[in-house]
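The data block below is data.pdb; it holds PDB, C-alpha atoms.
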```
MODEL        1
ATOM      1  CA  MET A   1      97.527 149.368 107.888
ATOM      2  CA  THR A   2      95.215 146.484 107.022
ATOM      3  CA  LYS A   3      96.956 146.021 103.673
ATOM      4  CA  PHE A   4     100.295 145.761 105.483
ATOM      5  CA  LEU A   5      98.898 143.161 107.893
ATOM      6  CA  LEU A   6      97.389 141.230 104.989
ATOM      7  CA  VAL A   7     100.718 141.199 103.109
ATOM      8  CA  ALA A   8     102.576 140.210 106.292
ATOM      9  CA  ALA A   9     100.123 137.363 106.904
ATOM     10  CA  LEU A  10     100.481 136.127 103.332
ATOM     11  CA  ALA A  11     104.283 136.265 103.541
ATOM     12  CA  GLY A  12     104.224 134.414 106.845
ATOM     13  CA  SER A  13     101.965 131.686 105.496
ATOM     14  CA  ALA A  14     104.098 131.357 102.343
ATOM     15  CA  SER A  15     107.208 130.796 104.436
ATOM     16  CA  ALA A  16     105.494 127.819 106.052
ATOM     17  CA  PHE A  17     105.716 125.980 102.731
ATOM     18  CA  ALA A  18     109.336 126.882 102.011
ATOM     19  CA  PRO A  19     111.873 124.087 102.501
ATOM     20  CA  ALA A  20     113.641 124.214 105.835
ATOM     21  CA  ALA A  21     117.371 124.595 105.990
ATOM     22  CA  ILE A  22     119.018 121.306 106.923
ATOM     23  CA  LYS A  23     121.858 121.481 109.382
ATOM     24  CA  CYS A  24     124.721 119.180 108.510
ATOM     25  CA  SER A  25     126.375 117.588 111.484
ATOM     26  CA  SER A  26     129.190 115.132 111.459
ATOM     27  CA  THR A  27     128.595 111.742 112.967
ATOM     28  CA  THR A  28     131.067 109.267 114.325
ATOM     29  CA  THR A  29     129.938 106.525 111.938
ATOM     30  CA  SER A  30     129.338 106.690 108.216
ATOM     31  CA  LEU A  31     126.126 105.481 106.611
ATOM     32  CA  ALA A  32     127.793 102.265 105.460
ATOM     33  CA  GLU A  33     129.079 101.520 108.963
ATOM     34  CA  PHE A  34     125.871 102.293 110.825
ATOM     35  CA  ALA A  35     123.743  99.180 111.437
ATOM     36  CA  ASN A  36     125.832  97.156 108.967
ATOM     37  CA  GLY A  37     124.595  99.368 106.122
ATOM     38  CA  TYR A  38     120.958  98.233 106.476
ATOM     39  CA  VAL A  39     118.165 100.327 105.060
ATOM     40  CA  GLY A  40     116.900 103.000 107.416
ATOM     41  CA  GLY A  41     120.102 104.805 108.356
ATOM     42  CA  GLU A  42     120.148 107.216 105.434
ATOM     43  CA  GLY A  43     117.483 109.684 106.616
ATOM     44  CA  PRO A  44     117.005 112.723 106.473
ATOM     45  CA  GLU A  45     113.394 112.678 107.656
ATOM     46  CA  PRO A  46     112.862 115.298 110.353
ATOM     47  CA  MET A  47     112.566 113.881 113.856
ATOM     48  CA  PRO A  48     111.168 116.199 116.524
ATOM     49  CA  PHE A  49     112.336 115.973 120.132
ATOM     50  CA  THR A  50     115.729 114.435 119.294
ATOM     51  CA  SER A  51     119.194 115.846 119.766
ATOM     52  CA  THR A  52     120.016 115.758 116.038
ATOM     53  CA  SER A  53     116.520 116.636 114.673
ATOM     54  CA  THR A  54     117.007 114.160 111.821
ATOM     55  CA  SER A  55     116.645 110.443 111.278
ATOM     56  CA  VAL A  56     120.147 109.885 109.922
ATOM     57  CA  ASN A  57     121.660 107.041 111.977
ATOM     58  CA  PHE A  58     118.739 107.202 114.416
ATOM     59  CA  ASP A  59     119.399 104.731 117.207
ATOM     60  CA  PRO A  60     118.306 106.261 120.522
ATOM     61  CA  ALA A  61     118.765 103.044 122.524
ATOM     62  CA  GLY A  62     122.223 102.352 121.077
ATOM     63  CA  PHE A  63     121.448  98.862 119.747
ATOM     64  CA  ALA A  64     123.904  99.252 116.857
ATOM     65  CA  GLU A  65     126.826  99.720 119.241
ATOM     66  CA  ARG A  66     125.758  97.346 122.021
ATOM     67  CA  ALA A  67     124.649  94.325 120.014
ATOM     68  CA  PRO A  68     125.718  94.556 116.353
ATOM     69  CA  GLU A  69     125.418  90.786 115.866
ATOM     70  CA  TRP A  70     121.702  90.975 116.726
ATOM     71  CA  LEU A  71     120.859  93.747 114.241
ATOM     72  CA  PRO A  72     119.337  91.364 111.658
ATOM     73  CA  TRP A  73     117.062  89.962 114.387
ATOM     74  CA  PHE A  74     116.079  93.445 115.573
ATOM     75  CA  ARG A  75     115.366  94.451 111.992
ATOM     76  CA  GLU A  76     113.179  91.449 111.307
ATOM     77  CA  ALA A  77     111.378  91.797 114.647
ATOM     78  CA  GLU A  78     110.571  95.424 113.877
ATOM     79  CA  LEU A  79     109.136  94.480 110.488
ATOM     80  CA  LYS A  80     107.141  91.607 111.996
ATOM     81  CA  HIS A  81     105.711  93.741 114.810
ATOM     82  CA  GLY A  82     104.833  96.545 112.397
ATOM     83  CA  ARG A  83     102.953  94.112 110.177
ATOM     84  CA  ALA A  84     101.180  92.610 113.193
ATOM     85  CA  ALA A  85     100.119  96.089 114.297
ATOM     86  CA  MET A  86      98.722  96.818 110.837
ATOM     87  CA  LEU A  87      96.760  93.540 110.866
ATOM     88  CA  ALA A  88      95.473  94.312 114.371
ATOM     89  CA  THR A  89      94.202  97.671 113.150
ATOM     90  CA  VAL A  90      92.385  96.026 110.253
ATOM     91  CA  GLY A  91      91.024  93.382 112.645
ATOM     92  CA  PHE A  92      89.674  96.108 114.869
ATOM     93  CA  VAL A  93      87.994  98.123 112.110
ATOM     94  CA  VAL A  94      86.544  95.432 109.808
ATOM     95  CA  PRO A  95      84.297  93.698 112.412
ATOM     96  CA  GLU A  96      82.520  97.013 112.944
ATOM     97  CA  ILE A  97      81.330  96.720 109.328
ATOM     98  CA  VAL A  98      80.950  92.990 108.659
ATOM     99  CA  ARG A  99      80.852  89.915 110.923
ATOM    100  CA  ILE A 100      81.449  86.220 110.358
ATOM    101  CA  PRO A 101      78.341  83.985 110.522
ATOM    102  CA  GLY A 102      77.166  82.706 113.880
ATOM    103  CA  GLU A 103      74.924  83.908 116.669
ATOM    104  CA  GLN A 104      77.810  84.474 119.073
ATOM    105  CA  PHE A 105      79.515  86.851 116.607
ATOM    106  CA  SER A 106      76.387  88.823 115.623
ATOM    107  CA  PHE A 107      75.978  92.564 116.085
ATOM    108  CA  GLU A 108      73.276  91.891 118.693
ATOM    109  CA  ALA A 109      75.513  89.635 120.806
ATOM    110  CA  ILE A 110      78.568  91.891 120.536
ATOM    111  CA  PRO A 111      77.610  95.479 119.650
ATOM    112  CA  ASN A 112      81.189  96.795 119.941
ATOM    113  CA  VAL A 113      84.357  95.019 118.819
ATOM    114  CA  ILE A 114      86.132  95.925 122.055
ATOM    115  CA  ASP A 115      83.558  93.859 123.986
ATOM    116  CA  ALA A 116      84.512  90.691 122.070
ATOM    117  CA  HIS A 117      87.558  90.212 124.300
ATOM    118  CA  ASP A 118      85.455  89.516 127.386
ATOM    119  CA  LYS A 119      82.468  87.848 125.682
ATOM    120  CA  LEU A 120      84.465  85.297 123.635
ATOM    121  CA  PRO A 121      87.124  83.748 125.919
ATOM    122  CA  GLU A 122      87.365  80.580 123.784
ATOM    123  CA  SER A 123      88.209  82.667 120.747
ATOM    124  CA  MET A 124      90.881  84.562 122.682
ATOM    125  CA  ILE A 125      92.516  81.264 123.711
ATOM    126  CA  GLN A 126      92.514  80.124 120.098
ATOM    127  CA  ILE A 127      94.021  83.420 118.906
ATOM    128  CA  PHE A 128      96.742  83.142 121.560
ATOM    129  CA  PHE A 129      97.485  79.554 120.480
ATOM    130  CA  TRP A 130      97.830  80.409 116.780
ATOM    131  CA  ILE A 131     100.020  83.441 117.467
ATOM    132  CA  SER A 132     102.255  81.304 119.691
ATOM    133  CA  PHE A 133     102.438  78.590 117.034
ATOM    134  CA  LEU A 134     103.404  81.029 114.279
ATOM    135  CA  GLU A 135     106.021  82.626 116.521
ATOM    136  CA  ALA A 136     107.477  79.195 117.360
ATOM    137  CA  CYS A 137     107.761  78.453 113.632
ATOM    138  CA  THR A 138     110.219  81.352 113.329
ATOM    139  CA  PHE A 139     112.640  79.975 115.941
ATOM    140  CA  PRO A 140     114.700  77.971 113.404
ATOM    141  CA  ALA A 141     115.257  81.174 111.448
ATOM    142  CA  LEU A 142     117.091  82.597 114.433
ATOM    143  CA  ALA A 143     119.879  80.071 113.911
ATOM    144  CA  ASN A 144     120.312  81.152 110.267
ATOM    145  CA  MET A 145     119.872  84.879 110.849
ATOM    146  CA  ASN A 146     123.370  85.937 109.787
ATOM    147  CA  ASN A 147     123.556  83.631 106.751
ATOM    148  CA  PHE A 148     121.160  85.593 104.555
ATOM    149  CA  ASP A 149     118.997  88.705 104.559
ATOM    150  CA  ARG A 150     115.577  87.345 105.523
ATOM    151  CA  ALA A 151     113.813  90.617 106.254
ATOM    152  CA  ALA A 152     114.188  91.905 102.693
ATOM    153  CA  HIS A 153     112.583  88.754 101.270
ATOM    154  CA  VAL A 154     109.586  88.545 103.625
ATOM    155  CA  GLY A 155     106.248  89.685 102.247
TER     156      GLY A 155
ENDMDL
END
```
Would you mind writing the structure in this file as structure tokens?
Amino acid sequence: MTKFLLVAALAGSASAFAPAAIKCSSTTTSLAEFANGYVGGEGPEPMPFTSTSTSVNFDPAGFAERAPEWLPWFREAELKHGRAAMLATVGFVVPEIVRIPGEQFSFEAIPNVIDAHDKLPESMIQIFFWISFLEACTFPALANMNNFDRAAHVG
């Protein structure tokens, strides 16, 4: 009996590494039509908790149908916000290891990085100013958004 249970357990664990069968479902739009053919509509990465269970033509809010002229802006904004989130993560981790010179930035003055928000209000104002300035520099690009593919050439 134990040998049978051992073989059954091995077979069950082996099936966990077998490729899953992909269900093919027809969509109303082709890959070239969806989101003006931009990268990201081809899938087929699995997506849990969705009606189609795949990332092909994934647009849960319906932006591609409601505002197709704004798709380049949405695409660039998603790239910009993803990059900002990655920089924020690095900015949260690195000060736990190394600090810039100055008594106000020392490990004794600010033992945890999360406390820097309340202990350095002047720095927070300066960070807000520079983020606002860099965001304002991108406003002219909004006027030229449909003339060329900016998001592919950034970074």
Give me the residues within 10 Å of region 113-118 of chain A as a count of residues only, counting only C-alpha atoms and dropping any in the same chain fewer than 6 places off.
-> 10
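Between CA of Ala109 (chain A) and CA of Ser132 (chain A) the interatomic distance comes to 28.0 Å.
Atom pair CA of Val98 (chain A) / CA of Ile131 (chain A) has a distance of 23.1 Å (rounded to one decimal).
With CA of Ala85 (chain A) on one side and CA of Ser51 (chain A) on the other, the separation reads 28.0 Å.
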Rank nothing, just name the residue among A:Ser123, A:Ala88, A:Trp73, A:Asp59 nearest to Thr138 (chain A), using all atoms listed in the file.
-> A:Trp73
Kindly resolve the PyMOL selection byres ((chain A and resi 70) around 12) on the present coordinates and return the residues as a ChimeraX atom specification.
-> /A:35-36,63-69,71-77,142-146
